[in-house]
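Peer 1: For reference, this is input-v5.cif, and it has mmCIF, C-alpha atoms.
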```
data_coords
#
loop_
_atom_site.label_atom_id
_atom_site.label_comp_id
_atom_site.auth_asym_id
_atom_site.auth_seq_id
_atom_site.Cartn_x
_atom_site.Cartn_y
_atom_site.Cartn_z
CA ASN I 1 134.79 -62.23 -50.84
CA THR I 2 134.94 -61.05 -47.23
CA ARG I 3 131.76 -62.93 -46.36
CA TYR I 4 133.58 -66.22 -46.90
CA GLY I 5 137.03 -65.06 -45.85
CA ILE I 6 138.63 -65.47 -49.27
CA ASN I 7 139.91 -63.19 -52.02
CA LEU I 8 138.67 -64.16 -55.48
CA GLN I 9 140.29 -63.14 -58.78
CA LEU I 10 138.99 -64.05 -62.23
CA HIS I 11 140.42 -63.42 -65.68
CA SER I 12 138.65 -64.53 -68.86
CA ALA I 13 139.94 -63.64 -72.34
CA PRO I 14 138.23 -65.31 -75.33
CA CYS I 15 140.32 -65.78 -78.47
CA THR I 16 137.25 -64.93 -80.58
CA GLU I 17 134.13 -62.90 -79.92
CA LEU I 18 132.40 -66.06 -78.69
CA ALA I 19 134.02 -67.82 -75.75
CA GLY I 20 134.41 -71.56 -75.23
CA ASP I 21 135.74 -71.21 -71.67
CA TYR I 22 133.44 -70.89 -68.70
CA ALA I 23 133.87 -69.80 -65.08
CA PHE I 24 131.17 -69.90 -62.43
CA VAL I 25 131.21 -68.96 -58.73
CA THR I 26 128.09 -69.14 -56.57
CA PRO I 27 127.15 -69.55 -52.90
CA ILE I 28 125.80 -72.90 -51.76
CA ASP I 29 124.88 -71.66 -48.28
CA ASP I 30 126.14 -69.20 -45.68
CA SER I 31 129.44 -71.03 -45.21
CA SER I 32 130.31 -72.62 -48.56
CA LEU I 33 130.96 -71.56 -52.16
CA ALA I 34 130.93 -73.59 -55.36
CA PHE I 35 133.16 -72.76 -58.31
CA VAL I 36 133.75 -74.11 -61.81
CA VAL I 37 136.33 -73.63 -64.57
CA ALA I 38 135.32 -75.40 -67.80
CA ASP I 39 136.57 -75.57 -71.39
CA LEU I 40 134.92 -76.92 -74.55
CA THR I 41 137.02 -78.69 -77.18
CA VAL I 42 135.88 -76.29 -79.93
CA HIS I 43 135.81 -72.51 -80.37
CA GLY I 44 133.45 -69.92 -81.79
CA VAL I 45 129.69 -70.31 -82.15
CA SER I 46 129.54 -74.05 -81.40
CA ALA I 47 131.57 -73.77 -78.19
CA SER I 48 129.66 -70.69 -77.05
CA LEU I 49 126.29 -72.39 -77.56
CA ASN I 50 127.46 -75.45 -75.65
CA MET I 51 128.73 -73.27 -72.82
CA MET I 52 125.30 -71.66 -72.68
CA LEU I 53 123.90 -75.18 -72.38
CA LEU I 54 126.34 -75.96 -69.56
CA HIS I 55 125.35 -72.76 -67.75
CA THR I 56 121.67 -73.69 -68.12
CA LEU I 57 122.33 -77.19 -66.80
CA LEU I 58 124.22 -75.85 -63.78
CA ASN I 59 121.33 -73.56 -62.93
CA GLU I 60 118.88 -76.39 -63.48
CA HIS I 61 120.81 -78.61 -61.07
CA LYS I 62 121.77 -75.87 -58.61
CA HIS I 63 120.16 -77.84 -55.79
CA LYS I 64 122.85 -80.51 -56.30
CA LEU I 65 125.86 -78.20 -55.92
CA ALA I 66 126.58 -79.70 -52.49
CA GLN I 67 126.41 -83.21 -53.99
CA PRO I 68 129.28 -83.11 -56.51
CA GLN I 69 129.19 -86.74 -57.65
CA ARG I 70 125.49 -86.53 -58.46
CA LEU I 71 125.95 -83.17 -60.15
CA LEU I 72 128.84 -84.33 -62.33
CA ASN I 73 127.07 -87.54 -63.29
CA GLN I 74 124.00 -85.58 -64.38
CA LEU I 75 126.08 -83.08 -66.37
CA ASN I 76 128.05 -85.87 -68.02
CA GLU I 77 124.94 -87.69 -69.18
CA ARG I 78 123.25 -84.54 -70.47
CA LEU I 79 126.34 -83.37 -72.35
CA ARG I 80 127.01 -86.87 -73.68
CA SER I 81 123.62 -86.79 -75.39
CA ALA I 82 123.88 -83.15 -76.51
CA LEU I 83 127.45 -82.87 -77.83
CA PRO I 84 128.61 -84.25 -81.20
CA LYS I 85 130.62 -87.47 -81.01
CA GLY I 86 134.19 -86.84 -79.90
CA ARG I 87 133.38 -83.46 -78.31
CA PHE I 88 133.63 -82.91 -74.58
CA ALA I 89 134.09 -80.36 -71.83
CA THR I 90 136.85 -80.30 -69.26
CA PHE I 91 135.37 -79.35 -65.92
CA THR I 92 137.12 -78.51 -62.67
CA TYR I 93 134.70 -78.21 -59.75
CA GLY I 94 135.31 -77.22 -56.17
CA ILE I 95 133.52 -76.41 -52.94
CA PHE I 96 135.13 -74.05 -50.43
CA GLU I 97 133.95 -74.68 -46.87
CA ARG I 98 134.51 -71.65 -44.64
CA ASN I 99 134.05 -73.46 -41.33
CA SER I 100 136.97 -75.81 -42.02
CA ASN I 101 138.94 -73.72 -44.58
CA GLN I 102 138.89 -76.75 -46.85
CA VAL I 103 138.30 -77.07 -50.57
CA VAL I 104 136.82 -80.29 -51.94
CA LEU I 105 137.97 -80.70 -55.55
CA PHE I 106 136.84 -82.70 -58.58
CA ASN I 107 138.67 -82.55 -61.88
CA ALA I 108 136.98 -83.88 -65.01
CA GLY I 109 139.79 -83.64 -67.54
CA GLY I 110 141.00 -80.13 -66.75
CA PRO I 111 144.59 -78.97 -66.12
CA ARG I 112 145.88 -79.81 -62.67
CA PRO I 113 145.06 -77.08 -60.11
CA VAL I 114 147.95 -75.40 -58.31
CA VAL I 115 148.28 -74.45 -54.64
CA VAL I 116 150.70 -71.69 -53.59
CA ARG I 117 151.82 -72.06 -49.99
CA LYS I 118 154.60 -70.16 -48.21
CA GLY I 119 155.85 -68.77 -51.51
CA LYS I 120 156.06 -72.10 -53.35
CA ALA I 121 153.67 -73.50 -55.98
CA ARG I 122 152.87 -77.18 -56.44
CA PHE I 123 150.41 -79.17 -58.50
CA ILE I 124 147.43 -80.92 -56.98
CA ASP I 125 147.56 -84.32 -58.67
CA LEU I 126 143.93 -84.82 -59.52
CA THR I 127 142.71 -86.09 -62.88
CA GLY I 128 139.55 -87.62 -64.33
CA LEU I 129 137.48 -88.15 -67.45
CA PRO I 130 136.00 -85.04 -69.11
CA LEU I 131 132.28 -84.41 -69.35
CA GLY I 132 130.32 -85.70 -72.32
CA LEU I 133 132.95 -88.01 -73.76
CA SER I 134 131.76 -91.37 -72.45
CA LYS I 135 129.59 -93.04 -69.85
CA TRP I 136 131.16 -93.05 -66.40
CA HIS I 137 131.31 -96.43 -64.70
CA GLN I 138 132.82 -95.25 -61.44
CA PRO I 139 132.81 -92.07 -59.31
CA GLN I 140 135.16 -89.24 -60.25
CA ASN I 141 138.36 -88.88 -58.25
CA THR I 142 138.29 -86.25 -55.54
CA THR I 143 140.68 -84.68 -53.07
CA THR I 144 140.43 -82.23 -50.18
CA VAL I 145 142.87 -79.34 -49.76
CA HIS I 146 143.19 -77.52 -46.43
CA LEU I 147 144.05 -73.84 -46.76
CA ASP I 148 146.06 -71.80 -44.28
CA ALA I 149 145.98 -68.00 -44.18
CA GLY I 150 147.70 -66.63 -47.30
CA ASP I 151 147.42 -69.86 -49.31
CA THR I 152 146.20 -69.50 -52.90
CA LEU I 153 144.49 -72.03 -55.15
CA LEU I 154 144.84 -71.36 -58.90
CA PHE I 155 142.69 -72.88 -61.65
CA TYR I 156 143.28 -72.24 -65.34
CA SER I 157 142.34 -73.35 -68.82
CA ASP I 158 144.89 -75.10 -71.02
CA ALA I 159 145.81 -71.95 -72.95
CA LEU I 160 148.11 -71.03 -70.06
CA VAL I 161 150.30 -74.09 -70.63
CA GLU I 162 149.78 -74.72 -74.36
CA THR I 163 150.23 -71.25 -75.89
CA PRO I 164 153.49 -71.01 -77.91
CA HIS I 165 156.24 -68.60 -76.86
CA PRO I 166 158.19 -68.45 -80.15
CA THR I 167 160.51 -65.55 -79.33
CA SER I 168 161.59 -66.91 -75.97
CA LYS I 169 163.20 -69.99 -74.53
CA ILE I 170 160.74 -69.79 -71.66
CA ARG I 171 158.44 -72.79 -71.35
CA TRP I 172 155.07 -72.70 -69.64
CA ASP I 173 154.23 -76.39 -69.80
CA GLY I 174 154.87 -79.14 -67.28
CA LYS I 175 156.60 -78.28 -64.04
CA ASP I 176 158.07 -75.09 -65.53
CA VAL I 177 154.73 -73.33 -65.18
CA LEU I 178 155.14 -73.72 -61.42
CA LYS I 179 158.18 -71.42 -61.59
CA HIS I 180 156.07 -68.65 -63.10
CA ILE I 181 153.22 -69.18 -60.63
CA THR I 182 155.68 -69.18 -57.72
CA LYS I 183 157.21 -65.94 -59.02
CA SER I 184 153.76 -64.33 -59.20
CA GLY I 185 152.69 -65.65 -55.81
CA GLY I 186 149.55 -66.90 -57.50
CA ALA I 187 148.42 -63.34 -58.26
CA ILE I 188 146.68 -63.42 -61.63
CA GLU I 189 147.67 -59.89 -62.67
CA LYS I 190 151.38 -60.59 -62.14
CA LEU I 191 151.14 -64.00 -63.81
CA LEU I 192 149.46 -62.53 -66.89
CA ARG I 193 152.04 -59.77 -67.14
CA GLU I 194 154.82 -62.37 -67.40
CA PHE I 195 152.78 -64.57 -69.74
CA ASN I 196 151.99 -61.76 -72.16
CA LYS I 197 155.64 -60.71 -72.46
CA THR I 198 156.44 -63.73 -74.64
CA ALA I 199 153.13 -65.46 -75.52
CA GLN I 200 152.26 -65.63 -79.21
CA GLN I 201 149.58 -63.06 -79.93
CA PRO I 202 146.73 -63.11 -80.69
CA LEU I 203 145.96 -66.11 -78.53
CA ARG I 204 144.71 -69.18 -80.39
CA ASP I 205 142.66 -70.40 -77.44
CA ASP I 206 140.50 -68.87 -74.71
CA LEU I 207 142.40 -68.12 -71.50
CA THR I 208 140.66 -68.34 -68.14
CA LEU I 209 142.20 -68.12 -64.68
CA LEU I 210 140.48 -68.26 -61.29
CA SER I 211 142.27 -67.85 -57.96
CA LEU I 212 141.08 -68.23 -54.39
CA GLN I 213 143.27 -66.88 -51.57
CA LEU I 214 142.42 -67.46 -47.92
CA ALA I 215 142.52 -64.08 -46.18
#
```
Go ahead and render the structure in this file as structure tokens.

Peer 2:
Amino acid sequence: NTRYGINLQLHSAPCTELAGDYAFVTPIDDSSLAFVVADLTVHGVSASLNMMLLHTLLNEHKHKLAQPQRLLNQLNERLRSALPKGRFATFTYGIFERNSNQVVLFNAGGPRPVVVRKGKARFIDLTGLPLGLSKWHQPQNTTTVHLDAGDTLLFYSDALVETPHPTSKIRWDGKDVLKHITKSGGAIEKLLREFNKTAQQPLRDDLTLLSLQLA
């Protein structure tokens, strides 16, 4: 998005006709963008309906996008009352601020985001409770990542690291996934090409990837 000085890439592949993953990118104002990668714990009709609910809630609370703690608390309470017991949504939320080239991140139970800088990938150690599982008694953890030109932030659903690779000794879980992301430079097309060489097909889970690269 040249308006904000970043390149955005999104890949979303549902494992059934009805997706349980969700990705959302929207402007907050002239200098900041909000983005979400979310994943329901079920698939098919139930997950798709709940993702429609999540989308509706995000639009309903769009005026709170710049207030992440308030937004996440509201979403957690609404989903906690709407979802069946034991069901939840992982939810990674970020705000890119063009004036400072910083990304403020919140991670409610999702896989750890990855930053690619100077050709090397590393995890951003940020975890938290997922949405809808329980009442939150304290604010969600947050961190701020400063981006330099060429840096890439990568967000993904758990299918990237949990899909079996039965015909290969290649592992995509833990720190080994960083090797593949480093090799791809954080470019989603290259990463998927390597993933699909050995991943068990058809996928058993929805796969979503979102990358932001500072131009």

Peer 1: Tell me, counting only C-alpha atoms, for each residue of region 24-94 of chain I within 10 Å of region 147-163 of chain I, which pair of atoms is nearest and how far apart they are in Å to one decimal, in rows ordered by chain and increasing number, as CSV.

Peer 2:
```
residue,atom,partner,partner_atom,distance
I:Val36,CA,I:Phe155,CA,9.0
I:Val37,CA,I:Phe155,CA,7.0
I:Ala38,CA,I:Ser157,CA,7.4
I:Asp39,CA,I:Ser157,CA,6.7
I:Thr90,CA,I:Ser157,CA,8.9
I:Phe91,CA,I:Ser157,CA,9.6
I:Thr92,CA,I:Phe155,CA,8.0
I:Tyr93,CA,I:Phe155,CA,9.8
```

Peer 1: Emit the selected residues as a PDB file, in the frame of the given file, including C-alpha atoms.

Peer 2:
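Ended up saving to again-v5.pdb:
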```
ATOM      1  CA  VAL I  36     133.750 -74.110 -61.810  1.00  0.00           C
ATOM      2  CA  VAL I  37     136.330 -73.630 -64.570  1.00  0.00           C
ATOM      3  CA  ALA I  38     135.320 -75.400 -67.800  1.00  0.00           C
ATOM      4  CA  ASP I  39     136.570 -75.570 -71.390  1.00  0.00           C
ATOM      5  CA  THR I  90     136.850 -80.300 -69.260  1.00  0.00           C
ATOM      6  CA  PHE I  91     135.370 -79.350 -65.920  1.00  0.00           C
ATOM      7  CA  THR I  92     137.120 -78.510 -62.670  1.00  0.00           C
ATOM      8  CA  TYR I  93     134.700 -78.210 -59.750  1.00  0.00           C
TER       9      TYR I  93
END
```

Peer 1: Please compute the CA of Leu131 (chain I)-CA of Asn76 (chain I) distance, one decimal, in Å.

Peer 2: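 Calculated distance between CA of Leu131 (chain I) and CA of Asn76 (chain I) is 4.7 Å.
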
Peer 1: Find the residue from I:Leu203, I:Ala82, I:Leu214, I:Leu209 that sits nearest to Cys15 (chain I); use all atoms listed in the file when measuring.

Peer 2: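 Ranked by minimum distance to Cys15 (chain I), first place goes to I:Leu203.
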
Peer 1: Which of these residues is nearest to Asn101 (chain I), using only C-alpha atoms: I:Ser32, I:Gly185, I:Ala13, I:Arg117?

Peer 2: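 Of all the options, I:Ser32 lies closest to Asn101 (chain I).
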
Peer 1: So which residues touch region 164-171 of chain I within 8 Å, counting only C-alpha atoms, skipping near sequence neighbours fewer than 6 positions away, as a ChimeraX atom specification?

Peer 2: /I:177,198-200

Peer 1: From the list I:Leu33, I:Asn141, I:Gln201, I:Val116, which residue is nearest Ser184 (chain I) when using only C-alpha atoms?

Peer 2: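 Closest candidate: I:Val116.
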
Peer 1: Under the rule that only C-alpha atoms are counted, which of I:Arg112, I:Arg204, I:His146, I:Arg122 is the nearest residue to Gly186 (chain I)?

Peer 2: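 Of the candidates, the smallest distance to Gly186 (chain I) is held by I:Arg122.
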
Peer 1: Please, which residues are within 10 Å of (125.7, -76.7, -74.4) by the file's coordinates, counting all atoms listed in the file, and could they come as a list in words?

Peer 2: Leu40, Ser46, Ala47, Ser48, Leu49, Asn50, Met51, Met52, Leu53, Leu54, His55, Thr56, Leu57, Arg78, Leu79, Ala82, Leu83 and Ala89 of chain I

Peer 1: Find the distance between CA of Glu97 (chain I) and CA of Asp29 (chain I) and write it in Å to one decimal.

Peer 2: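 Straight-line distance from CA of Glu97 (chain I) to CA of Asp29 (chain I) works out to 9.7 Å.
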